[in-house]
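Below is one structure, written out as structure tokens, with a few remarks after it.
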Amino acid sequence: MRRLASIPEALVGLGILAILAAMALAASALFPGDPFAIKGAPLLSPFQDWSLPLGTDRLGRDVMAELFHGARTSLAVGLAAAAAAIAVGAVIGTLAGFAGGIVDEALMRLTDAFQTVPSFLLALAFVSVVGPSLTVVVIAIALSAWTGPARVARAEVLSIRERDFVAGARVIGMHPLEIALREVLPNALAPVLALSSVIVASAILIEAALSFLGLGDPNRVTWGSMIAEGRTVLRSAPFLSIVPGIALVLTVLGVYLAGEGVVEGTAVRKSLS
Amino acid sequence: MSRAFLLLRRRLAGSIFVLLIVIVGTFLLLEAAPGDAVDAYVVSTGGDAGLVEAMRQSWGLDQSAATRLASYLWALLHLDLGQSVAFSRPIRDVILERLPVTLILMGASTALSFGLGSALGIYAGARPGSLRDRFLSTASLALYAVPGFWLALVLVIAFAVDLRWFPISGFETIASGKAGFAHAADIAHHLVLPVTSLGVIYLALYLRMMRAGMAEVWRLDFVRAARARGLSRRRIVLAHVARNALLPLVTMLGLQSAQMLGGSVVIESIFSVPGLGRLAQEAVALRDTPLLLGIILVSAVLVILINLLVDIAYAFLDPRVGASEAGA
Amino acid sequence: MTGSLVSIRNLSVSYRRDASLPSLGNIDLDIAVGERLAIIGESGSGKSTLALAIAGLLPSTATVKGTILWSGQPQLPLGGRDIGFVFQDASASLDPVMAVGRQITEVARTHLDLSRAQAESRALDLLRRVRLPDPDTALHAYPHQLSGGQRQRVAIAAAIAAGPRLLIADEATSALDTIVQADIVALIKQLVAEDGMALLFVSHDIALAAELADRIAVFRRGEMVELGSTDAVIQVPQHAYTKKLLDAHIGLDAAPMIAPTGHGHV
Ligand SMILES: Nc1ncnc2c1ncn2[C@@H]1O[C@H](COP(=O)(O)OP(=O)(O)OP(=O)(O)O)[C@@H](O)[C@H]1O
Ligand SMILES: [Mg+2]
């Protein structure tokens, strides 16, 4: 942590993320009730009425309240999808690297296949087939995001496999699967986790794009849907699209900066396959 | 060049396997979709129960899943992607009609992002730690965080609505009667904003990769040797440092093509560019799942082909590739 | 005395400001035109630092005191044109993705006013002179397709491509096995004689140095502890450290370890 503090970019990133987390946590307390509720005259510009600091949208909803609740969705989806992708990818990569042979070959071709299909199209198809909800969106994003961690985990396992402690576990008669998951996986995890900032960031962006196309959870405010809403009045009220977009940019930037700082600070080399 | 050929042959075998997995995957998604093509057809056109049964039979929908997979594969082998319910035409024809537009859009975006991105990366990486290096590095990180669809809207507000420099949407002026160069210029004029929106994030990516790659190459001994030989700084930067740092960027082109195809959905929708991405969005809106999955299949084939091209290009750029197989 | 090609006066080099001892301290040394001078000393004694200082290749962070005159002129010699530099690790001194022919022609074209074709024929000629087998093919080969010894021959060809007056070989043969090493030493000797180049041969192998040099300078901990003709240094070493180096080399006065000419090339 002290080393992190010496990297200014990391501090800025962590600062942005802290503010964002605070927004997400405080959303219900500061803006209780339905963020979709109508709070005033429609299309009120920002900084006109201090009870509605960011103004209102086409239907008179409080943009500030939507922004706070949207932070919640973005963070939730980003973190959940990244966690799922990393967990699945790490397990698949570990298995492939540890099993070797035909299992490895099959799992790696599967990874190739998932990397061949454009991830956004896959997410689009999955959501449109299963129907939009927060969980479905998370799964849809994780569906293609696991491939990166899988490759890194596999490469890491291949280099760890022959080391002493693994041989030791083999000698005392541990089951190969147990060795893979209990001895090898934890050691392969650091470089996999180094990928997490990129995955969280891209998950947030994919979620935003899905909701922009109207495929997000219809019962939740998301920044993507706010931008789509604002688009209908782009000429008269461009701020409605611009404000949530800036929030999105800052969030993703915060994730990158913090992630880069953490990787640099812990001196884990990013091993891209 | 036998080295490239050997490499290609090995990759091709793997690619066919990968394609099979993708096909089975799309088939499973198709099966998972609520209702079937006939339901969708009936909903859109109206029809009686007898007709529905007849259609199910003629489309093979009353068979077991294994049989259906077999006939799906058989049809694909004949380049038959089925019938689009929404467009009442063969899916293949609809897709082929939209494909060129997307290829133009993607080609232009790739050229912009790869060309300008690596050029700026070289400019930054030529003097590591300099002011311009730090500025470009920070700017590229900021750009890397900008979602394409939002950038598209901002560009529309600024350059189409306010300044009126570029058209708000479309691929070309409708019924303009333009031909030849004028026609191409018209398309280019329409594509400036979409290409920029689609390409900027990769521009930032290539800039960052080139810069980071050059920083690593600068530390290598052969660069010191090149300096000892008295080569000009310009030559060292361009012919040696940037040349070596270029290799990982070329690898990235393959991955980027898949992501860009995904990104084109939103960008083409915003700018009403009648390409594959827009078609995917229409397929979702019109609940035409077979069409959507057909697009996914075609995209996968496209990505595989692009990756093969990239592999060949890489083999030409890096003489070490495949050296062990071909025998030096 | 044909006059000094390089005169070094009071040269000190420190890589870091806080270093307690400089990596090189108060060196006075002259290299005559066409002379062959060997620098020997244990690891870390400052041999490479001296070589880099002469060629102007020290990192910009290093502090350099004293003067180095080139042909009596205070302006620095130009790498490639005035000084050819051969490094220890030949694989690391060649660009892995550029054909070796081009790595030679680019030196020739940078310093000599040559057309592309002229430079190419010069490169071919050089590859012949460094006795690379099948020079026509080698011209288009990449470094990874050559053996270690062949790569070092290419590096030498690149170093002398513009006809420098001083060739610096910093442990140029240490990474090679003994037979190849002998070949390269013989090659360097021949090239230097043919072109009338002066040679600065850096090595920690006193036998190799004795084989090649007119004079030997012995370095230790950044200082030059002895300088004299090869015979003098080998026969009647003045400094205890030189004696130690000689004693450490068993069988020096027995059968010569280095064959005077190469046995074919590798
Ligand atoms: N780039 C550098 N930065 C900091 N210190 C350095 C650097 N290069 C050399 N040194 C230090 O300077 C001293 C002299 O090093 P030099 O490389 O000249 O020795 P050398 O005689 O060539 O040794 P060797 O036989 O191992 O090549 C050593 O103590 C070394 O640690
Ligand atoms: Mg040295």
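Ordering of the structure tokens sets the chain letters (A, B, ...), residue numbers begin anew at 1 in every chain, and ligands are numbered from 1 in the order given.
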
- Counting only C-alpha atoms and all ligand atoms, name the residues that have an atom within 12 Å of an atom of ligand 1; the answer should be given as number ranges by chain. B: 219, 224; C: 12-25, 39-53, 57-63, 87-89, 169-172, 174-175, 201-205, 218-224

- Query: Would you list which chain B residues are within 12 Å of chain C using only C-alpha atoms, as a count of residues only?
  - Reply: 43

- Query: Can you list, as JSON, numbers by chain, every protein, DNA or RNA residue that comes within 9 Å of Val255 of chain A when you count only C-alpha atoms, leaving out same-chain residues fewer than 4 positions away?
  - Reply: {"A": [13, 14, 16, 17, 197, 198, 200, 201, 250, 251, 259, 260]}

Identify, on the basis of only C-alpha atoms, every residue whose closest approach to Ile104 of chain B does not exceed 12 Å; exclude the query and any residue fewer than 3 positions from it along the same chain; express the result as a tab-separated table (two decimals) with N, CA and C atoms, in the first residue's frame.
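Once everything was written out, this is out_21.tsv:
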chain	number	residue	atom	x	y	z
B	98	ARG	N	-24.68	-6.92	-46.71
B	98	ARG	CA	-24.23	-5.95	-45.71
B	98	ARG	C	-22.72	-6.03	-45.45
B	99	LEU	N	-22.13	-7.16	-45.81
B	99	LEU	CA	-20.74	-7.41	-45.45
B	99	LEU	C	-19.76	-6.35	-45.98
B	100	PRO	N	-19.85	-5.96	-47.27
B	100	PRO	CA	-18.84	-5.03	-47.80
B	100	PRO	C	-18.76	-3.73	-47.02
B	101	VAL	N	-19.93	-3.22	-46.63
B	101	VAL	CA	-19.95	-1.96	-45.90
B	101	VAL	C	-19.13	-2.07	-44.61
B	107	GLY	N	-11.91	-1.78	-42.26
B	107	GLY	CA	-10.61	-1.57	-42.90
B	107	GLY	C	-10.11	-0.16	-42.64
B	108	ALA	N	-11.03	0.81	-42.82
B	108	ALA	CA	-10.63	2.20	-42.62
B	108	ALA	C	-10.26	2.45	-41.15
B	109	SER	N	-11.07	1.89	-40.24
B	109	SER	CA	-10.79	2.09	-38.82
B	109	SER	C	-9.46	1.46	-38.43
B	110	THR	N	-9.21	0.27	-38.97
B	110	THR	CA	-7.95	-0.40	-38.65
B	110	THR	C	-6.78	0.40	-39.20
B	111	ALA	N	-6.93	0.87	-40.44
B	111	ALA	CA	-5.85	1.66	-41.03
B	111	ALA	C	-5.58	2.89	-40.19
B	171	PHE	N	-24.42	5.94	-45.15
B	171	PHE	CA	-23.19	5.43	-45.74
B	171	PHE	C	-22.81	6.25	-46.96
B	184	ALA	N	-16.77	7.61	-54.22
B	184	ALA	CA	-15.86	7.19	-53.14
B	184	ALA	C	-15.68	8.33	-52.14
B	187	ILE	N	-18.69	8.58	-49.92
B	187	ILE	CA	-18.69	7.55	-48.88
B	187	ILE	C	-17.68	7.92	-47.79
B	188	ALA	N	-16.50	8.34	-48.20
B	188	ALA	CA	-15.47	8.70	-47.23
B	188	ALA	C	-15.97	9.82	-46.33
B	190	HIS	N	-18.99	10.45	-45.48
B	190	HIS	CA	-19.97	9.89	-44.55
B	190	HIS	C	-19.29	9.06	-43.45
B	191	LEU	N	-18.15	8.46	-43.79
B	191	LEU	CA	-17.55	7.50	-42.86
B	191	LEU	C	-16.55	8.13	-41.88
B	192	VAL	N	-16.26	9.42	-42.06
B	192	VAL	CA	-15.25	10.03	-41.17
B	192	VAL	C	-15.61	9.83	-39.69
B	194	PRO	N	-18.00	7.74	-38.19
B	194	PRO	CA	-18.04	6.34	-37.74
B	194	PRO	C	-16.65	5.71	-37.62
B	195	VAL	N	-15.80	5.97	-38.60
B	195	VAL	CA	-14.46	5.37	-38.56
B	195	VAL	C	-13.69	5.87	-37.35
B	261	LEU	N	-15.46	-5.90	-34.81
B	261	LEU	CA	-16.74	-6.39	-35.35
B	261	LEU	C	-17.84	-6.19	-34.31
B	264	SER	N	-18.71	-2.55	-34.04
B	264	SER	CA	-19.42	-1.99	-35.18
B	264	SER	C	-20.93	-2.06	-34.99
B	273	VAL	N	-25.33	3.10	-40.54
B	273	VAL	CA	-24.51	2.55	-41.61
B	273	VAL	C	-24.99	1.13	-41.88
B	274	PRO	N	-25.45	0.85	-43.09
B	274	PRO	CA	-26.08	-0.45	-43.35
B	274	PRO	C	-25.06	-1.58	-43.48
B	275	GLY	N	-24.40	-1.93	-42.38
B	275	GLY	CA	-23.43	-3.02	-42.40
B	275	GLY	C	-23.89	-4.18	-41.55
B	276	LEU	N	-22.94	-5.08	-41.29
B	276	LEU	CA	-23.23	-6.28	-40.53
B	276	LEU	C	-23.63	-5.96	-39.09

Pull the closest atom pair for each residue of chain A that gets at most 8 Å from chain B, along with the distance in Å to one decimal, counting only C-alpha atoms, ordering rows by chain and then ascending residue number, as JSON lines.
{"residue": "A:Arg109", "atom": "CA", "partner": "B:Val18", "partner_atom": "CA", "distance": 5.8}
{"residue": "A:Leu110", "atom": "CA", "partner": "B:Ile21", "partner_atom": "CA", "distance": 6.8}
{"residue": "A:Asp112", "atom": "CA", "partner": "B:Val18", "partner_atom": "CA", "distance": 6.4}
{"residue": "A:Ala113", "atom": "CA", "partner": "B:Val18", "partner_atom": "CA", "distance": 5.0}
{"residue": "A:Phe114", "atom": "CA", "partner": "B:Val22", "partner_atom": "CA", "distance": 7.6}
{"residue": "A:Gln115", "atom": "CA", "partner": "B:Ala258", "partner_atom": "CA", "distance": 7.7}
{"residue": "A:Thr116", "atom": "CA", "partner": "B:Ala300", "partner_atom": "CA", "distance": 5.4}
{"residue": "A:Val117", "atom": "CA", "partner": "B:Ala300", "partner_atom": "CA", "distance": 5.0}
{"residue": "A:Pro118", "atom": "CA", "partner": "B:Ala258", "partner_atom": "CA", "distance": 4.6}
{"residue": "A:Ser119", "atom": "CA", "partner": "B:Gly262", "partner_atom": "CA", "distance": 6.5}
{"residue": "A:Phe120", "atom": "CA", "partner": "B:Gly262", "partner_atom": "CA", "distance": 4.7}
{"residue": "A:Leu121", "atom": "CA", "partner": "B:Gly262", "partner_atom": "CA", "distance": 5.4}
{"residue": "A:Leu122", "atom": "CA", "partner": "B:Ile296", "partner_atom": "CA", "distance": 7.5}
{"residue": "A:Leu124", "atom": "CA", "partner": "B:Val284", "partner_atom": "CA", "distance": 7.9}
{"residue": "A:Ala125", "atom": "CA", "partner": "B:Leu292", "partner_atom": "CA", "distance": 6.8}
{"residue": "A:Phe126", "atom": "CA", "partner": "B:Leu29", "partner_atom": "CA", "distance": 7.4}
{"residue": "A:Ser128", "atom": "CA", "partner": "B:Val284", "partner_atom": "CA", "distance": 6.3}
{"residue": "A:Val129", "atom": "CA", "partner": "B:Ala33", "partner_atom": "CA", "distance": 5.0}
{"residue": "A:Val130", "atom": "CA", "partner": "B:Ala33", "partner_atom": "CA", "distance": 6.9}
{"residue": "A:Leu205", "atom": "CA", "partner": "B:Pro147", "partner_atom": "CA", "distance": 6.4}
{"residue": "A:Ala209", "atom": "CA", "partner": "B:Val266", "partner_atom": "CA", "distance": 7.1}
{"residue": "A:Leu213", "atom": "CA", "partner": "B:Val266", "partner_atom": "CA", "distance": 7.3}
{"residue": "A:Ile227", "atom": "CA", "partner": "B:Trp150", "partner_atom": "CA", "distance": 7.6}
{"residue": "A:Arg231", "atom": "CA", "partner": "B:Leu153", "partner_atom": "CA", "distance": 7.6}
{"residue": "A:Leu234", "atom": "CA", "partner": "B:Ile157", "partner_atom": "CA", "distance": 7.2}
{"residue": "A:Arg235", "atom": "CA", "partner": "B:Val161", "partner_atom": "CA", "distance": 7.0}
{"residue": "A:Pro238", "atom": "CA", "partner": "B:Ile157", "partner_atom": "CA", "distance": 7.3}
{"residue": "A:Ser241", "atom": "CA", "partner": "B:Leu153", "partner_atom": "CA", "distance": 7.7}
{"residue": "A:Ile242", "atom": "CA", "partner": "B:Val154", "partner_atom": "CA", "distance": 7.2}
{"residue": "A:Gly245", "atom": "CA", "partner": "B:Trp150", "partner_atom": "CA", "distance": 6.1}
{"residue": "A:Leu248", "atom": "CA", "partner": "B:Val146", "partner_atom": "CA", "distance": 7.8}
{"residue": "A:Val249", "atom": "CA", "partner": "B:Val146", "partner_atom": "CA", "distance": 5.3}
{"residue": "A:Leu250", "atom": "CA", "partner": "B:Ala145", "partner_atom": "CA", "distance": 7.6}
{"residue": "A:Val252", "atom": "CA", "partner": "B:Ala145", "partner_atom": "CA", "distance": 5.4}
{"residue": "A:Leu253", "atom": "CA", "partner": "B:Ala145", "partner_atom": "CA", "distance": 5.3}

So that I can see what lies close to segment 120-134 of chain C, please list as a CSV table (one decimal) with N, CA, C and O atoms, in the first residue's frame the residues with an atom at most 12 Å from it, counting only C-alpha atoms and leaving out residues fewer than 5 positions away in the same chain.
chain,number,residue,atom,x,y,z
C,99,ALA,N,18.1,-8.7,-42.1
C,99,ALA,CA,19.0,-9.6,-42.8
C,99,ALA,C,20.4,-9.1,-42.5
C,99,ALA,O,20.6,-7.8,-42.5
C,100,VAL,N,21.4,-10.0,-42.3
C,100,VAL,CA,22.7,-9.5,-41.9
C,100,VAL,C,23.4,-8.6,-43.0
C,100,VAL,O,24.1,-7.7,-42.7
C,101,GLY,N,23.1,-8.9,-44.3
C,101,GLY,CA,23.6,-8.1,-45.3
C,101,GLY,C,23.3,-6.6,-45.1
C,101,GLY,O,24.1,-5.7,-45.2
C,102,ARG,N,22.0,-6.4,-44.8
C,102,ARG,CA,21.5,-5.0,-44.6
C,102,ARG,C,22.2,-4.4,-43.4
C,102,ARG,O,22.4,-3.1,-43.4
C,103,GLN,N,22.5,-5.2,-42.4
C,103,GLN,CA,23.1,-4.6,-41.2
C,103,GLN,C,24.5,-4.1,-41.5
C,103,GLN,O,25.0,-3.3,-40.8
C,104,ILE,N,25.1,-4.7,-42.5
C,104,ILE,CA,26.4,-4.3,-42.9
C,104,ILE,C,26.3,-3.1,-43.9
C,104,ILE,O,27.0,-2.1,-43.7
C,105,THR,N,25.4,-3.2,-44.9
C,105,THR,CA,25.3,-2.1,-45.8
C,105,THR,C,24.9,-0.8,-45.1
C,105,THR,O,25.3,0.3,-45.5
C,106,GLU,N,24.0,-0.9,-44.1
C,106,GLU,CA,23.5,0.4,-43.5
C,106,GLU,C,24.7,1.1,-42.9
C,106,GLU,O,24.7,2.3,-42.8
C,107,VAL,N,25.7,0.4,-42.4
C,107,VAL,CA,26.9,1.1,-41.8
C,107,VAL,C,27.6,1.7,-42.9
C,107,VAL,O,28.0,2.9,-42.8
C,108,ALA,N,27.9,1.0,-44.0
C,108,ALA,CA,28.6,1.5,-45.1
C,108,ALA,C,27.9,2.7,-45.7
C,108,ALA,O,28.6,3.7,-46.0
C,109,ARG,N,26.6,2.6,-45.9
C,109,ARG,CA,25.9,3.8,-46.5
C,109,ARG,C,25.8,5.0,-45.6
C,109,ARG,O,25.7,6.1,-46.1
C,112,LEU,N,29.9,6.2,-45.7
C,112,LEU,CA,30.5,6.3,-47.0
C,112,LEU,C,29.5,6.7,-48.0
C,112,LEU,O,28.3,6.3,-47.9
C,114,LEU,N,27.9,5.9,-50.7
C,114,LEU,CA,27.8,4.7,-51.6
C,114,LEU,C,26.3,4.6,-52.1
C,114,LEU,O,25.4,4.9,-51.4
C,115,SER,N,26.2,4.1,-53.3
C,115,SER,CA,24.8,3.7,-53.8
C,115,SER,C,24.5,2.4,-53.1
C,115,SER,O,25.3,1.7,-52.5
C,139,LEU,N,24.4,-13.2,-47.1
C,139,LEU,CA,23.9,-11.8,-47.2
C,139,LEU,C,22.4,-11.6,-46.9
C,139,LEU,O,22.0,-10.7,-46.3
C,140,HIS,N,21.7,-12.6,-47.2
C,140,HIS,CA,20.2,-12.6,-47.0
C,140,HIS,C,19.8,-13.4,-45.8
C,140,HIS,O,18.6,-13.5,-45.6
C,141,ALA,N,20.7,-13.9,-45.1
C,141,ALA,CA,20.4,-14.7,-43.9
C,141,ALA,C,20.1,-13.8,-42.7
C,141,ALA,O,20.4,-12.6,-42.7
C,146,LEU,N,22.5,-18.3,-38.3
C,146,LEU,CA,23.9,-18.4,-38.2
C,146,LEU,C,24.3,-19.0,-36.9
C,146,LEU,O,23.6,-18.8,-35.9
C,147,SER,N,25.5,-19.6,-36.9
C,147,SER,CA,26.1,-20.1,-35.6
C,147,SER,C,26.7,-18.9,-34.8
C,147,SER,O,26.9,-17.8,-35.4
C,148,GLY,N,27.1,-19.1,-33.6
C,148,GLY,CA,27.6,-18.0,-32.8
C,148,GLY,C,28.9,-17.4,-33.4
C,148,GLY,O,29.0,-16.2,-33.5
C,149,GLY,N,29.7,-18.3,-33.9
C,149,GLY,CA,31.0,-17.8,-34.5
C,149,GLY,C,30.7,-17.0,-35.8
C,149,GLY,O,31.3,-16.0,-36.0
C,150,GLN,N,29.7,-17.5,-36.6
C,150,GLN,CA,29.4,-16.8,-37.8
C,150,GLN,C,28.8,-15.4,-37.5
C,150,GLN,O,29.1,-14.5,-38.2
C,151,ARG,N,28.0,-15.4,-36.4
C,151,ARG,CA,27.4,-14.1,-36.0
C,151,ARG,C,28.5,-13.1,-35.7
C,151,ARG,O,28.4,-12.0,-36.0
C,152,GLN,N,29.5,-13.6,-34.9
C,152,GLN,CA,30.6,-12.7,-34.6
C,152,GLN,C,31.3,-12.2,-35.8
C,152,GLN,O,31.8,-11.1,-35.9
C,153,ARG,N,31.5,-13.1,-36.8
C,153,ARG,CA,32.1,-12.7,-38.0
C,153,ARG,C,31.3,-11.6,-38.7
C,153,ARG,O,31.9,-10.6,-39.2
C,154,VAL,N,30.0,-11.7,-38.7
C,154,VAL,CA,29.1,-10.7,-39.2
C,154,VAL,C,29.3,-9.4,-38.5
C,154,VAL,O,29.4,-8.3,-39.0
C,155,ALA,N,29.3,-9.5,-37.1
C,155,ALA,CA,29.5,-8.3,-36.3
C,155,ALA,C,30.8,-7.6,-36.6
C,155,ALA,O,30.9,-6.4,-36.6
C,156,ILE,N,31.8,-8.4,-36.9
C,156,ILE,CA,33.1,-7.8,-37.2
C,156,ILE,C,33.0,-7.1,-38.6
C,156,ILE,O,33.5,-6.0,-38.7
C,157,ALA,N,32.3,-7.8,-39.5
C,157,ALA,CA,32.2,-7.2,-40.8
C,157,ALA,C,31.4,-5.8,-40.7
C,157,ALA,O,31.8,-4.8,-41.4
C,158,ALA,N,30.4,-5.8,-39.9
C,158,ALA,CA,29.6,-4.5,-39.7
C,158,ALA,C,30.5,-3.5,-39.0
C,158,ALA,O,30.5,-2.3,-39.4
C,159,ALA,N,31.4,-3.9,-38.1
C,159,ALA,CA,32.3,-3.0,-37.4
C,159,ALA,C,33.3,-2.3,-38.3
C,159,ALA,O,33.6,-1.1,-38.2
C,160,ILE,N,33.8,-3.1,-39.3
C,160,ILE,CA,34.8,-2.5,-40.2
C,160,ILE,C,34.2,-2.0,-41.5
C,160,ILE,O,35.0,-1.7,-42.4
C,161,ALA,N,32.9,-2.0,-41.7
C,161,ALA,CA,32.3,-1.8,-43.0
C,161,ALA,C,32.7,-0.4,-43.5
C,161,ALA,O,32.7,-0.2,-44.7
C,162,ALA,N,32.8,0.6,-42.6
C,162,ALA,CA,33.1,1.9,-43.1
C,162,ALA,C,34.6,2.2,-43.0
C,162,ALA,O,35.0,3.4,-43.1
C,163,GLY,N,35.4,1.2,-42.8
C,163,GLY,CA,36.9,1.4,-42.8
C,163,GLY,C,37.4,2.3,-41.6
C,163,GLY,O,38.1,3.3,-41.9
C,183,ASP,N,40.0,-19.1,-34.2
C,183,ASP,CA,39.7,-18.6,-35.6
C,183,ASP,C,39.5,-17.1,-35.6
C,183,ASP,O,39.9,-16.4,-36.5
C,184,ILE,N,38.6,-16.7,-34.7
C,184,ILE,CA,38.2,-15.3,-34.7
C,184,ILE,C,39.4,-14.4,-34.4
C,184,ILE,O,39.6,-13.3,-35.0
C,185,VAL,N,40.3,-14.8,-33.4
C,185,VAL,CA,41.4,-14.1,-33.1
C,185,VAL,C,42.3,-13.9,-34.3
C,185,VAL,O,42.8,-12.8,-34.7
C,186,ALA,N,42.5,-15.0,-35.0
C,186,ALA,CA,43.4,-15.0,-36.2
C,186,ALA,C,42.7,-14.1,-37.3
C,186,ALA,O,43.5,-13.3,-37.9
C,187,LEU,N,41.4,-14.1,-37.4
C,187,LEU,CA,40.8,-13.3,-38.3
C,187,LEU,C,41.0,-11.8,-38.0
C,187,LEU,O,41.3,-11.0,-38.9
C,188,ILE,N,40.8,-11.5,-36.7
C,188,ILE,CA,41.0,-10.1,-36.3
C,188,ILE,C,42.4,-9.6,-36.6
C,188,ILE,O,42.6,-8.5,-37.2
C,189,LYS,N,43.3,-10.5,-36.3
C,189,LYS,CA,44.7,-10.2,-36.6
C,189,LYS,C,44.9,-9.8,-38.1
C,189,LYS,O,45.6,-8.8,-38.4
C,190,GLN,N,44.4,-10.7,-38.9
C,190,GLN,CA,44.6,-10.5,-40.3
C,190,GLN,C,43.9,-9.2,-40.8
C,190,GLN,O,44.5,-8.5,-41.6
C,191,LEU,N,42.7,-9.0,-40.4
C,191,LEU,CA,42.0,-7.8,-40.8
C,191,LEU,C,42.7,-6.5,-40.4
C,191,LEU,O,42.8,-5.6,-41.2
C,192,VAL,N,43.1,-6.5,-39.2
C,192,VAL,CA,43.8,-5.4,-38.7
C,192,VAL,C,45.1,-5.1,-39.5
C,192,VAL,O,45.4,-3.9,-39.9
C,194,GLU,N,45.7,-6.1,-42.6
C,194,GLU,CA,45.3,-5.7,-44.0
C,194,GLU,C,44.9,-4.3,-44.1
C,194,GLU,O,45.3,-3.6,-45.1
C,195,ASP,N,44.1,-3.8,-43.2
C,195,ASP,CA,43.6,-2.5,-43.3
C,195,ASP,C,44.4,-1.4,-42.5
C,195,ASP,O,44.0,-0.3,-42.5
C,262,GLY,N,44.0,-20.0,-38.4
C,262,GLY,CA,42.8,-20.8,-38.2
C,262,GLY,C,42.8,-22.1,-38.8
C,262,GLY,O,43.5,-22.4,-39.8
C,263,HIS,N,42.0,-23.0,-38.3
C,263,HIS,CA,41.8,-24.3,-38.9
C,263,HIS,C,40.4,-24.3,-39.6
C,263,HIS,O,39.5,-24.8,-39.0
C,264,GLY,N,40.3,-23.7,-40.7
C,264,GLY,CA,39.0,-23.7,-41.3
C,264,GLY,C,38.1,-22.8,-40.5
C,264,GLY,O,38.6,-22.3,-39.4
C,265,HIS,N,36.9,-22.6,-40.9
C,265,HIS,CA,36.0,-21.7,-40.1
C,265,HIS,C,34.8,-22.4,-39.7
C,265,HIS,O,34.4,-23.4,-40.3
C,266,VAL,N,34.2,-21.8,-38.7
C,266,VAL,CA,33.0,-22.4,-38.1
C,266,VAL,C,31.8,-21.4,-38.2
C,266,VAL,O,32.0,-20.3,-38.1

- Message: Residues within 12 Å of Ala193 of chain C, please, as a PyMOL selection string. Count only C-alpha atoms; anything in the same chain fewer than 3 positions from it doesn't count.
- Response: chain C and resi 33-36+165-167+186-190+196-199+212-213

- Picked from segment 51-160 of chain C by DSSP as strand (DSSP E), as a PyMOL selection string: chain C and resi 63-70+83-86

Would you save the residues from that selection as an mmCIF file, in the first residue's frame, using N, CA and C atoms?
data_model
loop_
_atom_site.group_PDB
_atom_site.id
_atom_site.type_symbol
_atom_site.label_atom_id
_atom_site.label_comp_id
_atom_site.auth_asym_id
_atom_site.auth_seq_id
_atom_site.Cartn_x
_atom_site.Cartn_y
_atom_site.Cartn_z
ATOM 1 N N THR C 63 29.535 10.174 -15.275
ATOM 2 C CA THR C 63 30.360 11.385 -15.231
ATOM 3 C C THR C 63 31.754 11.065 -15.753
ATOM 4 N N VAL C 64 32.184 11.823 -16.735
ATOM 5 C CA VAL C 64 33.487 11.584 -17.356
ATOM 6 C C VAL C 64 34.367 12.797 -17.119
ATOM 7 N N LYS C 65 35.573 12.561 -16.564
ATOM 8 C CA LYS C 65 36.533 13.664 -16.393
ATOM 9 C C LYS C 65 37.776 13.343 -17.202
ATOM 10 N N GLY C 66 38.543 14.399 -17.544
ATOM 11 C CA GLY C 66 39.754 14.187 -18.317
ATOM 12 C C GLY C 66 39.495 14.405 -19.790
ATOM 13 N N THR C 67 40.488 14.119 -20.625
ATOM 14 C CA THR C 67 40.316 14.354 -22.059
ATOM 15 C C THR C 67 40.677 13.124 -22.873
ATOM 16 N N ILE C 68 39.979 12.992 -23.977
ATOM 17 C CA ILE C 68 40.323 11.973 -24.959
ATOM 18 C C ILE C 68 40.511 12.704 -26.290
ATOM 19 N N LEU C 69 41.711 12.642 -26.831
ATOM 20 C CA LEU C 69 41.950 13.289 -28.120
ATOM 21 C C LEU C 69 41.972 12.226 -29.208
ATOM 22 N N TRP C 70 41.340 12.550 -30.321
ATOM 23 C CA TRP C 70 41.305 11.640 -31.465
ATOM 24 C C TRP C 70 42.139 12.257 -32.575
ATOM 25 N N ILE C 83 35.736 4.443 -35.472
ATOM 26 C CA ILE C 83 35.963 3.325 -34.568
ATOM 27 C C ILE C 83 34.960 2.219 -34.855
ATOM 28 N N GLY C 84 35.475 1.016 -35.009
ATOM 29 C CA GLY C 84 34.589 -0.137 -35.118
ATOM 30 C C GLY C 84 34.553 -0.829 -33.766
ATOM 31 N N PHE C 85 33.362 -1.244 -33.349
ATOM 32 C CA PHE C 85 33.224 -1.830 -32.015
ATOM 33 C C PHE C 85 32.621 -3.223 -32.133
ATOM 34 N N VAL C 86 33.328 -4.206 -31.578
ATOM 35 C CA VAL C 86 32.776 -5.565 -31.563
ATOM 36 C C VAL C 86 32.514 -5.953 -30.113
#

- Query: Would you give me, as an NGL selection string, the residues in segment 30-240 of chain C that DSSP reads as helix (DSSP H, G or I)?
  - Reply: :C and (47-55 or 90-93 or 100-111 or 116-129 or 135-138 or 143-145 or 148-159 or 178-195 or 206-212 or 230-235 or 240)
